[in-house]
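Data block below; observations after.
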Amino acid sequence: MKATALLIVCSGLISGSFGKPQFPEQEKEPKFWNTWAQRTLNNALNLEKLNRNTAKNLILFLGDGMGVPTVTAARILKGQLNGQSGEETQLEMDKFPFVSLAKTYNTDAQVPDSAGTATAYLCGVKANEGTVGVSAAAVRSQCNTTEGNQVTSILRWAKEAGKSVGIVTTTRVNHATPSASYAHSVDRDWYSDNEMPADALRDGCKDIARQLFENIPNIDVVMGGGRKYMFPKNMSDVEYPGVAKHSGTRKDGRNLVQEWIDKTKNKRGHYVWNKKQLLSLNPTSVDYLLGLFEPADLMYNLERNPETDPSLTEMVEVAIKILKKNPNGFYLLVEGGRIDHGHHEGKAKQALHETVEMDRAIGQAHLMTSVHDTLTLVTADHSHVFNFGGYTVRGNTILGLAPMMSDVDQMPFTSIIYGNGPGYKIINGGRENVSTVDYQANNYQAQAAVPLTTETHGGEDVAVFAKGPLAHLLHGVHEQNYIPHVMAYAACIGQNREHCVSHSGSAVLRPVLSSTAALLTVTRILC
(Lines give C-alpha, C1' and ligand atoms only; values in the text may rest on other atoms or scores of the structure.)
Protein backbone atom coordinates (compact mmCIF):
# COMPACT_ATOMS: atom_id res chain seq x y z
CA MET A 1 0.00 0.00 0.00
CA LYS A 2 2.81 2.46 0.89
CA ALA A 3 4.56 1.75 -2.39
CA THR A 4 1.35 2.34 -4.29
CA ALA A 5 0.76 5.60 -2.48
CA LEU A 6 4.32 6.74 -3.19
CA LEU A 7 3.90 5.91 -6.87
CA ILE A 8 0.68 7.91 -7.01
CA VAL A 9 2.28 10.88 -5.26
CA CYS A 10 5.36 10.80 -7.47
CA SER A 11 3.27 10.51 -10.63
CA GLY A 12 1.38 13.60 -9.48
CA LEU A 13 4.59 15.47 -8.81
CA ILE A 14 6.18 14.72 -12.16
CA SER A 15 3.07 15.08 -14.29
CA GLY A 16 3.66 17.85 -16.76
CA SER A 17 7.44 17.60 -16.38
CA PHE A 18 7.74 16.20 -19.90
CA GLY A 19 7.26 18.78 -22.65
CA LYS A 20 6.53 22.37 -21.73
CA PRO A 21 7.98 23.37 -18.32
CA GLN A 22 5.45 24.20 -15.60
CA PHE A 23 7.43 27.26 -14.48
CA PRO A 24 9.31 30.16 -16.14
CA GLU A 25 12.68 29.34 -17.70
CA GLN A 26 14.43 32.03 -15.66
CA GLU A 27 13.63 30.15 -12.48
CA LYS A 28 16.07 27.44 -13.51
CA GLU A 29 18.92 29.87 -12.96
CA PRO A 30 20.31 30.35 -9.42
CA LYS A 31 20.98 33.98 -10.36
CA PHE A 32 17.24 34.64 -10.57
CA TRP A 33 16.61 33.53 -7.00
CA ASN A 34 19.78 35.11 -5.60
CA THR A 35 18.99 38.47 -7.21
CA TRP A 36 15.42 38.39 -5.91
CA ALA A 37 16.60 37.50 -2.40
CA GLN A 38 19.22 40.26 -2.40
CA ARG A 39 16.65 42.81 -3.50
CA THR A 40 14.37 41.68 -0.70
CA LEU A 41 17.27 41.88 1.75
CA ASN A 42 18.04 45.46 0.73
CA ASN A 43 14.41 46.40 1.22
CA ALA A 44 14.45 44.82 4.67
CA LEU A 45 17.61 46.71 5.63
CA ASN A 46 15.87 49.96 4.77
CA LEU A 47 13.30 49.15 7.43
CA GLU A 48 15.95 49.95 10.03
CA LYS A 49 14.82 53.53 9.52
CA LEU A 50 11.59 53.12 11.44
CA ASN A 51 8.60 55.34 10.77
CA ARG A 52 8.00 57.11 14.09
CA ASN A 53 5.61 59.74 12.78
CA THR A 54 2.27 60.37 14.39
CA ALA A 55 -0.50 58.53 12.55
CA LYS A 56 -2.92 61.18 11.39
CA ASN A 57 -5.09 58.52 9.77
CA LEU A 58 -5.94 54.98 10.82
CA ILE A 59 -7.34 52.27 8.54
CA LEU A 60 -8.20 48.74 9.66
CA PHE A 61 -9.04 46.20 6.98
CA LEU A 62 -10.72 43.17 8.52
CA GLY A 63 -11.12 40.05 6.42
CA ASP A 64 -13.75 38.11 8.34
CA GLY A 65 -12.61 34.49 8.43
CA MET A 66 -9.47 35.28 6.42
CA GLY A 67 -7.03 32.78 7.88
CA VAL A 68 -3.55 32.28 6.46
CA PRO A 69 -4.64 29.47 4.09
CA THR A 70 -7.27 31.83 2.69
CA VAL A 71 -4.65 34.54 2.16
CA THR A 72 -2.39 32.10 0.31
CA ALA A 73 -5.18 30.69 -1.85
CA ALA A 74 -6.44 34.20 -2.67
CA ARG A 75 -2.92 35.19 -3.70
CA ILE A 76 -2.82 32.32 -6.16
CA LEU A 77 -6.30 33.12 -7.42
CA LYS A 78 -5.38 36.79 -7.95
CA GLY A 79 -2.39 35.76 -10.04
CA GLN A 80 -4.37 33.25 -12.06
CA LEU A 81 -7.07 35.83 -12.76
CA ASN A 82 -4.26 37.91 -14.26
CA GLY A 83 -2.99 35.05 -16.42
CA GLN A 84 -0.11 34.03 -14.16
CA SER A 85 0.56 30.75 -12.41
CA GLY A 86 -0.34 32.51 -9.18
CA GLU A 87 2.11 31.37 -6.55
CA GLU A 88 4.59 34.19 -7.19
CA THR A 89 1.91 36.89 -7.14
CA GLN A 90 1.84 39.56 -4.46
CA LEU A 91 -1.34 40.62 -2.77
CA GLU A 92 -1.48 44.26 -1.71
CA MET A 93 -1.28 43.10 1.90
CA ASP A 94 1.83 41.07 1.06
CA LYS A 95 3.62 44.35 0.36
CA PHE A 96 3.20 45.57 3.94
CA PRO A 97 6.61 45.56 5.67
CA PHE A 98 5.56 44.27 9.08
CA VAL A 99 3.68 41.07 9.86
CA SER A 100 2.71 39.54 13.18
CA LEU A 101 0.34 36.89 14.49
CA ALA A 102 -2.71 37.44 16.66
CA LYS A 103 -4.15 34.87 19.06
CA THR A 104 -7.88 34.82 18.45
CA TYR A 105 -9.47 32.86 21.31
CA ASN A 106 -12.40 34.40 23.18
CA THR A 107 -12.43 34.50 26.96
CA ASP A 108 -14.85 31.56 26.96
CA ALA A 109 -13.96 29.88 23.67
CA GLN A 110 -10.87 28.19 22.25
CA VAL A 111 -12.25 28.59 18.73
CA PRO A 112 -13.78 32.09 18.63
CA ASP A 113 -16.70 33.82 16.98
CA SER A 114 -16.71 37.18 15.21
CA ALA A 115 -18.37 39.12 18.03
CA GLY A 116 -15.92 38.38 20.84
CA THR A 117 -12.98 38.86 18.48
CA ALA A 118 -14.36 42.19 17.22
CA THR A 119 -14.54 43.42 20.80
CA ALA A 120 -10.87 42.45 21.14
CA TYR A 121 -9.41 44.15 18.06
CA LEU A 122 -11.72 47.18 18.24
CA CYS A 123 -12.16 47.79 21.98
CA GLY A 124 -8.87 46.42 23.28
CA VAL A 125 -10.28 43.82 25.66
CA LYS A 126 -11.06 40.15 25.12
CA ALA A 127 -14.67 39.12 25.59
CA ASN A 128 -17.10 36.21 25.51
CA GLU A 129 -18.32 34.83 22.21
CA GLY A 130 -21.56 36.28 20.94
CA THR A 131 -21.13 39.62 22.73
CA VAL A 132 -20.04 42.98 21.32
CA GLY A 133 -18.72 46.05 23.09
CA VAL A 134 -18.92 44.53 26.56
CA SER A 135 -16.32 42.91 28.79
CA ALA A 136 -16.15 39.24 29.73
CA ALA A 137 -18.18 40.03 32.85
CA ALA A 138 -21.23 40.26 30.60
CA VAL A 139 -23.08 37.02 29.89
CA ARG A 140 -24.45 36.29 26.44
CA SER A 141 -28.19 36.98 26.04
CA GLN A 142 -28.54 38.18 29.65
CA CYS A 143 -29.55 41.81 29.30
CA ASN A 144 -29.08 42.61 32.98
CA THR A 145 -25.34 41.92 32.72
CA THR A 146 -24.81 44.76 30.23
CA GLU A 147 -24.82 47.80 32.48
CA GLY A 148 -21.42 48.57 33.96
CA ASN A 149 -19.62 46.21 31.59
CA GLN A 150 -19.60 48.39 28.46
CA VAL A 151 -16.23 48.97 26.78
CA THR A 152 -15.51 51.64 24.18
CA SER A 153 -13.91 51.24 20.77
CA ILE A 154 -11.12 52.89 18.85
CA LEU A 155 -13.76 54.42 16.60
CA ARG A 156 -15.11 56.30 19.61
CA TRP A 157 -11.59 57.24 20.73
CA ALA A 158 -10.89 58.68 17.29
CA LYS A 159 -14.19 60.57 17.18
CA GLU A 160 -13.56 62.07 20.61
CA ALA A 161 -10.12 63.18 19.41
CA GLY A 162 -11.73 65.18 16.62
CA LYS A 163 -11.16 62.77 13.76
CA SER A 164 -13.72 61.75 11.18
CA VAL A 165 -14.76 58.10 11.45
CA GLY A 166 -16.27 55.57 9.11
CA ILE A 167 -17.45 51.99 8.74
CA VAL A 168 -17.59 50.14 5.42
CA THR A 169 -18.67 46.51 5.27
CA THR A 170 -20.04 43.93 2.86
CA THR A 171 -22.27 42.53 5.61
CA ARG A 172 -25.08 44.20 7.51
CA VAL A 173 -23.85 47.39 9.20
CA ASN A 174 -25.23 45.93 12.44
CA HIS A 175 -23.40 42.62 12.03
CA ALA A 176 -20.83 41.41 14.58
CA THR A 177 -17.72 43.14 13.25
CA PRO A 178 -19.02 46.66 12.63
CA SER A 179 -21.32 46.65 15.66
CA ALA A 180 -18.42 46.33 18.12
CA SER A 181 -17.40 49.81 16.95
CA TYR A 182 -20.48 51.48 18.41
CA ALA A 183 -22.75 49.00 20.24
CA HIS A 184 -22.80 47.41 23.66
CA SER A 185 -24.86 44.25 23.29
CA VAL A 186 -24.81 40.96 25.14
CA ASP A 187 -26.15 39.28 22.01
CA ARG A 188 -24.78 39.84 18.51
CA ASP A 189 -28.07 38.65 16.99
CA TRP A 190 -30.17 41.49 18.39
CA TYR A 191 -30.13 43.25 15.00
CA SER A 192 -33.42 45.04 15.65
CA ASP A 193 -36.00 44.89 18.42
CA ASN A 194 -37.73 42.15 16.41
CA GLU A 195 -34.90 39.74 17.22
CA MET A 196 -34.85 40.55 20.94
CA PRO A 197 -36.65 38.59 23.67
CA ALA A 198 -39.35 40.36 25.64
CA ASP A 199 -37.36 40.33 28.88
CA ALA A 200 -34.40 42.08 27.24
CA LEU A 201 -36.66 44.84 25.93
CA ARG A 202 -38.36 45.10 29.30
CA ASP A 203 -35.00 45.42 31.04
CA GLY A 204 -34.03 48.33 28.81
CA CYS A 205 -31.55 46.79 26.38
CA LYS A 206 -31.36 48.40 22.94
CA ASP A 207 -31.15 46.61 19.63
CA ILE A 208 -27.93 47.07 17.64
CA ALA A 209 -29.46 49.02 14.74
CA ARG A 210 -30.80 51.59 17.18
CA GLN A 211 -27.41 51.83 18.89
CA LEU A 212 -25.77 52.62 15.54
CA PHE A 213 -27.65 55.92 15.46
CA GLU A 214 -27.77 56.73 19.18
CA ASN A 215 -24.55 55.66 20.88
CA ILE A 216 -21.93 57.68 18.99
CA PRO A 217 -23.42 60.85 17.52
CA ASN A 218 -22.42 61.72 13.99
CA ILE A 219 -20.48 58.73 12.68
CA ASP A 220 -19.39 60.36 9.44
CA VAL A 221 -19.62 57.43 7.02
CA VAL A 222 -21.58 54.18 7.30
CA MET A 223 -21.89 51.86 4.32
CA GLY A 224 -23.00 48.26 3.97
CA GLY A 225 -26.22 46.28 4.14
CA GLY A 226 -28.95 45.86 6.74
CA ARG A 227 -31.73 48.13 5.44
CA LYS A 228 -34.59 46.05 6.76
CA TYR A 229 -33.53 46.46 10.39
CA MET A 230 -33.91 50.24 10.11
CA PHE A 231 -37.57 50.35 8.99
CA PRO A 232 -40.95 49.61 10.61
CA LYS A 233 -42.16 46.03 10.50
CA ASN A 234 -43.66 44.99 7.16
CA MET A 235 -42.67 48.26 5.48
CA SER A 236 -41.87 47.31 1.89
CA ASP A 237 -38.23 47.54 0.81
CA VAL A 238 -37.36 50.18 -1.78
CA GLU A 239 -35.42 47.73 -3.96
CA TYR A 240 -37.50 44.59 -3.45
CA PRO A 241 -41.09 45.85 -3.04
CA GLY A 242 -43.53 43.21 -1.95
CA VAL A 243 -40.88 40.65 -0.99
CA ALA A 244 -41.77 39.84 2.61
CA LYS A 245 -38.34 38.62 3.74
CA HIS A 246 -36.84 41.97 2.73
CA SER A 247 -39.45 44.14 4.45
CA GLY A 248 -38.82 46.15 7.58
CA THR A 249 -38.49 44.35 10.90
CA ARG A 250 -38.83 47.01 13.60
CA LYS A 251 -41.64 46.46 16.10
CA ASP A 252 -41.23 49.93 17.64
CA GLY A 253 -42.41 51.52 14.39
CA ARG A 254 -39.36 53.73 14.09
CA ASN A 255 -37.86 54.64 10.74
CA LEU A 256 -34.22 55.03 11.69
CA VAL A 257 -33.17 56.06 8.20
CA GLN A 258 -35.68 58.91 8.04
CA GLU A 259 -34.64 60.01 11.52
CA TRP A 260 -31.03 60.11 10.32
CA ILE A 261 -32.00 62.06 7.18
CA ASP A 262 -33.91 64.61 9.26
CA LYS A 263 -31.02 65.02 11.67
CA THR A 264 -28.36 65.52 8.99
CA LYS A 265 -30.29 67.42 6.31
CA ASN A 266 -28.69 70.70 7.37
CA LYS A 267 -25.29 69.09 7.89
CA ARG A 268 -24.63 68.00 4.32
CA GLY A 269 -25.82 64.46 5.02
CA HIS A 270 -26.80 62.06 2.24
CA TYR A 271 -28.58 58.71 2.30
CA VAL A 272 -28.08 56.36 -0.68
CA TRP A 273 -29.19 52.81 -1.42
CA ASN A 274 -27.69 52.02 -4.83
CA LYS A 275 -24.46 52.45 -6.77
CA LYS A 276 -25.73 55.19 -9.06
CA GLN A 277 -26.69 57.36 -6.12
CA LEU A 278 -23.37 56.68 -4.38
CA LEU A 279 -21.15 57.49 -7.34
CA SER A 280 -23.15 60.57 -8.26
CA LEU A 281 -22.21 62.22 -4.97
CA ASN A 282 -19.57 64.93 -4.90
CA PRO A 283 -17.52 63.97 -1.81
CA THR A 284 -16.41 67.56 -1.32
CA SER A 285 -20.01 68.51 -0.56
CA VAL A 286 -20.78 65.51 1.65
CA ASP A 287 -19.95 65.48 5.35
CA TYR A 288 -22.17 62.59 6.43
CA LEU A 289 -23.04 59.51 4.40
CA LEU A 290 -25.35 56.60 5.12
CA GLY A 291 -25.36 53.93 2.44
CA LEU A 292 -27.51 50.83 2.86
CA PHE A 293 -27.36 48.78 -0.32
CA GLU A 294 -29.24 45.59 0.61
CA PRO A 295 -31.93 44.55 3.13
CA ALA A 296 -29.40 42.22 4.78
CA ASP A 297 -25.84 41.40 3.64
CA LEU A 298 -24.49 42.65 0.34
CA MET A 299 -24.34 40.24 -2.57
CA TYR A 300 -21.21 38.15 -3.10
CA ASN A 301 -18.87 40.02 -5.41
CA LEU A 302 -19.23 37.28 -8.04
CA GLU A 303 -23.01 37.76 -8.01
CA ARG A 304 -23.06 41.52 -7.56
CA ASN A 305 -24.86 43.55 -10.23
CA PRO A 306 -22.12 45.98 -11.29
CA GLU A 307 -24.73 48.42 -12.54
CA THR A 308 -26.66 48.75 -9.28
CA ASP A 309 -24.45 47.42 -6.48
CA PRO A 310 -21.19 49.11 -5.44
CA SER A 311 -18.09 47.02 -4.89
CA LEU A 312 -16.11 47.17 -1.67
CA THR A 313 -13.39 49.06 -3.53
CA GLU A 314 -15.86 51.67 -4.75
CA MET A 315 -17.28 52.14 -1.26
CA VAL A 316 -13.79 52.54 0.21
CA GLU A 317 -12.84 55.13 -2.38
CA VAL A 318 -15.88 57.28 -1.61
CA ALA A 319 -15.41 56.85 2.14
CA ILE A 320 -11.80 58.03 2.10
CA LYS A 321 -12.63 61.01 -0.12
CA ILE A 322 -15.17 62.15 2.47
CA LEU A 323 -13.16 61.35 5.59
CA LYS A 324 -9.82 62.78 4.49
CA LYS A 325 -11.25 66.30 4.33
CA ASN A 326 -10.88 66.53 8.11
CA PRO A 327 -7.54 68.23 8.93
CA ASN A 328 -7.37 66.15 12.11
CA GLY A 329 -7.42 62.93 10.10
CA PHE A 330 -9.71 59.92 10.17
CA TYR A 331 -10.33 56.37 11.34
CA LEU A 332 -11.87 53.85 8.93
CA LEU A 333 -12.93 50.26 9.53
CA VAL A 334 -13.30 48.22 6.34
CA GLU A 335 -14.70 44.70 6.56
CA GLY A 336 -14.60 42.08 3.85
CA GLY A 337 -17.32 40.31 5.75
CA ARG A 338 -18.53 37.78 3.23
CA ILE A 339 -15.25 35.90 3.10
CA ASP A 340 -16.58 34.29 6.25
CA HIS A 341 -19.98 33.55 4.73
CA GLY A 342 -18.44 31.85 1.72
CA HIS A 343 -16.45 29.55 3.95
CA HIS A 344 -19.42 28.77 6.22
CA GLU A 345 -21.35 27.68 3.15
CA GLY A 346 -18.43 25.63 1.88
CA LYS A 347 -18.24 27.87 -1.18
CA ALA A 348 -14.52 28.37 -1.45
CA LYS A 349 -14.72 30.19 -4.77
CA GLN A 350 -16.99 32.83 -3.28
CA ALA A 351 -14.76 33.24 -0.23
CA LEU A 352 -11.59 33.61 -2.30
CA HIS A 353 -13.10 36.11 -4.72
CA GLU A 354 -14.30 38.13 -1.73
CA THR A 355 -10.72 38.13 -0.46
CA VAL A 356 -9.35 39.27 -3.81
CA GLU A 357 -11.89 42.11 -3.86
CA MET A 358 -10.86 43.22 -0.39
CA ASP A 359 -7.26 43.23 -1.59
CA ARG A 360 -8.30 45.55 -4.42
CA ALA A 361 -9.80 47.86 -1.82
CA ILE A 362 -6.52 47.78 0.10
CA GLY A 363 -4.75 48.84 -3.08
CA GLN A 364 -7.23 51.68 -3.59
CA ALA A 365 -6.65 52.95 -0.06
CA HIS A 366 -2.90 52.84 -0.69
CA LEU A 367 -3.31 55.14 -3.70
CA MET A 368 -5.30 57.64 -1.66
CA THR A 369 -3.16 57.83 1.48
CA SER A 370 0.48 58.21 2.47
CA VAL A 371 2.52 55.74 4.46
CA HIS A 372 4.08 58.73 6.21
CA ASP A 373 0.93 59.67 8.11
CA THR A 374 -1.46 56.72 7.71
CA LEU A 375 -1.21 53.53 9.75
CA THR A 376 -2.92 50.74 7.82
CA LEU A 377 -3.53 47.28 9.24
CA VAL A 378 -4.94 44.18 7.56
CA THR A 379 -5.99 41.24 9.67
CA ALA A 380 -8.72 38.68 10.32
CA ASP A 381 -10.93 38.00 13.28
CA HIS A 382 -10.49 34.22 13.01
CA SER A 383 -9.74 31.48 10.54
CA HIS A 384 -11.76 28.58 9.07
CA VAL A 385 -11.17 24.85 8.67
CA PHE A 386 -10.20 25.55 5.06
CA ASN A 387 -7.04 24.41 3.35
CA PHE A 388 -5.61 23.20 0.08
CA GLY A 389 -3.09 20.50 -0.80
CA GLY A 390 -2.72 17.28 -2.72
CA TYR A 391 0.74 17.86 -4.25
CA THR A 392 -0.64 20.14 -6.95
CA VAL A 393 1.82 21.19 -9.65
CA ARG A 394 2.92 24.77 -10.15
CA GLY A 395 0.15 26.80 -11.74
CA ASN A 396 -2.58 24.27 -10.96
CA THR A 397 -5.86 26.15 -10.81
CA ILE A 398 -6.54 26.84 -7.16
CA LEU A 399 -10.11 25.64 -7.68
CA GLY A 400 -9.03 22.47 -9.49
CA LEU A 401 -8.38 18.81 -8.79
CA ALA A 402 -5.33 17.39 -7.14
CA PRO A 403 -3.15 15.55 -9.71
CA MET A 404 -3.69 12.19 -8.07
CA MET A 405 -6.36 9.73 -7.05
CA SER A 406 -6.99 8.66 -3.51
CA ASP A 407 -5.14 5.41 -2.85
CA VAL A 408 -8.03 4.36 -0.59
CA ASP A 409 -11.19 4.81 -2.66
CA GLN A 410 -9.52 5.38 -6.05
CA MET A 411 -11.46 8.60 -6.53
CA PRO A 412 -10.27 12.10 -7.50
CA PHE A 413 -10.41 14.97 -5.04
CA THR A 414 -10.18 18.74 -5.19
CA SER A 415 -7.11 20.51 -3.93
CA ILE A 416 -9.30 22.71 -1.72
CA ILE A 417 -10.94 20.89 1.14
CA TYR A 418 -12.73 21.71 4.39
CA GLY A 419 -12.35 19.91 7.69
CA ASN A 420 -16.12 20.01 8.07
CA GLY A 421 -19.15 21.54 6.40
CA PRO A 422 -21.95 21.05 3.88
CA GLY A 423 -19.62 19.72 1.17
CA TYR A 424 -19.60 16.24 2.71
CA LYS A 425 -21.46 14.02 0.25
CA ILE A 426 -21.98 10.26 0.09
CA ILE A 427 -23.36 8.84 -3.16
CA ASN A 428 -24.14 5.13 -3.54
CA GLY A 429 -22.29 4.43 -0.32
CA GLY A 430 -19.10 6.20 -1.37
CA ARG A 431 -17.54 9.60 -1.75
CA GLU A 432 -18.82 11.74 -4.60
CA ASN A 433 -16.81 11.54 -7.82
CA VAL A 434 -15.96 15.24 -8.14
CA SER A 435 -14.75 14.84 -11.72
CA THR A 436 -18.40 14.39 -12.74
CA VAL A 437 -19.53 17.75 -11.30
CA ASP A 438 -18.63 21.38 -12.00
CA TYR A 439 -16.22 21.90 -9.14
CA GLN A 440 -15.32 25.37 -10.43
CA ALA A 441 -18.89 26.69 -10.28
CA ASN A 442 -19.41 29.81 -8.16
CA ASN A 443 -21.51 28.00 -5.58
CA TYR A 444 -19.84 24.59 -5.64
CA GLN A 445 -19.50 23.33 -2.07
CA ALA A 446 -16.01 21.96 -1.67
CA GLN A 447 -15.51 18.52 -0.19
CA ALA A 448 -15.53 18.27 3.59
CA ALA A 449 -14.34 15.54 5.94
CA VAL A 450 -17.17 15.84 8.46
CA PRO A 451 -20.81 16.56 7.57
CA LEU A 452 -22.18 19.80 9.05
CA THR A 453 -24.90 22.13 7.85
CA THR A 454 -22.52 25.04 8.29
CA GLU A 455 -18.72 24.86 8.25
CA THR A 456 -16.98 26.07 11.40
CA HIS A 457 -14.33 28.59 12.30
CA GLY A 458 -10.72 27.56 12.84
CA GLY A 459 -8.79 28.27 16.00
CA GLU A 460 -5.29 29.04 14.75
CA ASP A 461 -3.58 32.42 14.92
CA VAL A 462 -4.25 34.95 12.17
CA ALA A 463 -1.83 37.29 10.41
CA VAL A 464 -1.66 41.03 11.06
CA PHE A 465 -0.10 43.04 8.22
CA ALA A 466 0.99 46.58 9.08
CA LYS A 467 2.45 49.65 7.37
CA GLY A 468 2.81 53.28 8.32
CA PRO A 469 3.69 55.10 11.54
CA LEU A 470 4.80 52.75 14.33
CA ALA A 471 3.78 49.69 12.29
CA HIS A 472 6.87 47.97 13.71
CA LEU A 473 5.04 47.62 17.02
CA LEU A 474 3.11 44.80 15.39
CA HIS A 475 5.69 42.05 15.47
CA GLY A 476 5.92 38.54 16.89
CA VAL A 477 2.86 36.89 18.45
CA HIS A 478 0.35 38.96 20.40
CA GLU A 479 -3.08 38.75 21.93
CA GLN A 480 -5.70 40.06 19.51
CA ASN A 481 -6.76 42.85 21.85
CA TYR A 482 -3.29 44.40 21.45
CA ILE A 483 -4.22 45.72 18.00
CA PRO A 484 -6.29 48.82 18.90
CA HIS A 485 -3.80 49.79 21.58
CA VAL A 486 -1.08 50.04 18.93
CA MET A 487 -3.32 52.02 16.61
CA ALA A 488 -4.33 54.43 19.39
CA TYR A 489 -0.73 54.84 20.55
CA ALA A 490 0.39 55.65 17.01
CA ALA A 491 -2.34 58.24 16.59
CA CYS A 492 -2.07 59.75 20.08
CA ILE A 493 -5.68 58.96 20.93
CA GLY A 494 -7.26 56.83 23.61
CA GLN A 495 -5.87 56.05 27.02
CA ASN A 496 -2.07 56.23 26.74
CA ARG A 497 -1.02 59.59 25.35
CA GLU A 498 1.79 60.39 27.74
CA HIS A 499 4.29 59.92 24.90
CA CYS A 500 2.61 62.66 22.88
CA VAL A 501 3.23 66.40 22.98
CA SER A 502 0.88 69.02 21.64
CA HIS A 503 1.79 71.66 19.06
CA SER A 504 -0.97 74.05 17.99
CA GLY A 505 -3.62 71.70 19.23
CA SER A 506 -2.38 68.61 17.41
CA ALA A 507 -0.66 65.71 19.14
CA VAL A 508 2.72 64.48 17.97
CA LEU A 509 4.96 61.75 19.24
CA ARG A 510 7.54 62.70 21.84
CA PRO A 511 10.92 61.02 21.29
CA VAL A 512 11.34 58.30 23.87
CA LEU A 513 14.85 57.58 25.12
CA SER A 514 15.71 54.38 26.90
CA SER A 515 17.37 54.78 30.29
CA THR A 516 20.68 53.69 28.79
CA ALA A 517 20.41 56.16 25.95
CA ALA A 518 19.48 58.92 28.34
CA LEU A 519 22.48 58.14 30.55
CA LEU A 520 24.83 58.23 27.55
CA THR A 521 23.37 61.56 26.48
CA VAL A 522 23.88 63.08 29.94
CA THR A 523 27.42 61.66 30.08
CA ARG A 524 28.31 63.30 26.77
CA ILE A 525 26.97 66.64 27.98
CA LEU A 526 28.85 66.48 31.27
CA CYS A 527 32.07 65.28 29.77
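Following the order of the C-alpha coordinates, chains are lettered A, B, ..., residues in each are numbered from 1, and ligands are numbered from 1.
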Using only C-alpha atoms, which protein or nucleic acid residues come within 8 Å of A:Lys163? Drop anything in the same chain fewer than 5 positions from it, and give the result as an MDAnalysis selection string. chainID A and resid 158 326 328:331
Residues flagged alpha helix (DSSP H) by DSSP in stretch 166-332 of chain A, as a PyMOL selection string: chain A and resi 176-179+198-202+208-214+256-264+275-279+312-323
Identify, on the basis of only C-alpha atoms, every residue whose closest approach to A:Leu212 does not exceed 8 Å; exclude the query and any residue fewer than 5 positions from it along the same chain; express the result as number ranges by chain. A: 174, 179, 182-183
Would you list the contacts of A:Pro484 as a PyMOL selection string, taking every protein, DNA or RNA residue within 9 Å and counting only C-alpha atoms, but skipping same-chain residues closer than 6 positions in sequence? chain A and resi 120-124+153-154
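For the set A:Thr171, A:Gln110, A:Ile59, A:Asn218, the residue with the smallest atom-to-atom gap to A:His366 is A:Ile59, counting only C-alpha atoms.
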Using only C-alpha atoms, which of A:Gly476, A:Gly430, A:Pro306, A:Pro469 sits nearest A:Leu101? A:Gly476
What lies within 7 Å of stretch 89-95 of chain A using only C-alpha atoms, ignoring chain neighbours under 4 positions off, as an NGL selection string? :A and (75-76 or 79 or 359 or 362-363 or 378 or 465)
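Checking A:Val71, A:Ala176, A:Met235, A:Leu375 one by one against A:Ile208, counting only C-alpha atoms, you find the shortest gap at A:Ala176.
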Non-local contacts of A:Tyr191 (9 Å; only C-alpha atoms; under 6 positions in same chain excluded) as a list in words: Asn174, His175, Asp207, Ile208, Ala209, Arg210, Gly226 and Tyr229 of chain A
Neighbour list for stretch 441-449 of chain A as a ChimeraX atom specification, cut-off 10 Å, only C-alpha atoms, skip fewer than 5 positions in-chain: /A:300,302-303,342-351,353,385-386,399,413-425,431-432,434,455
In Å, how far is it from atom CA of A:Thr119 to atom CA of A:Thr170? 18.8 Å
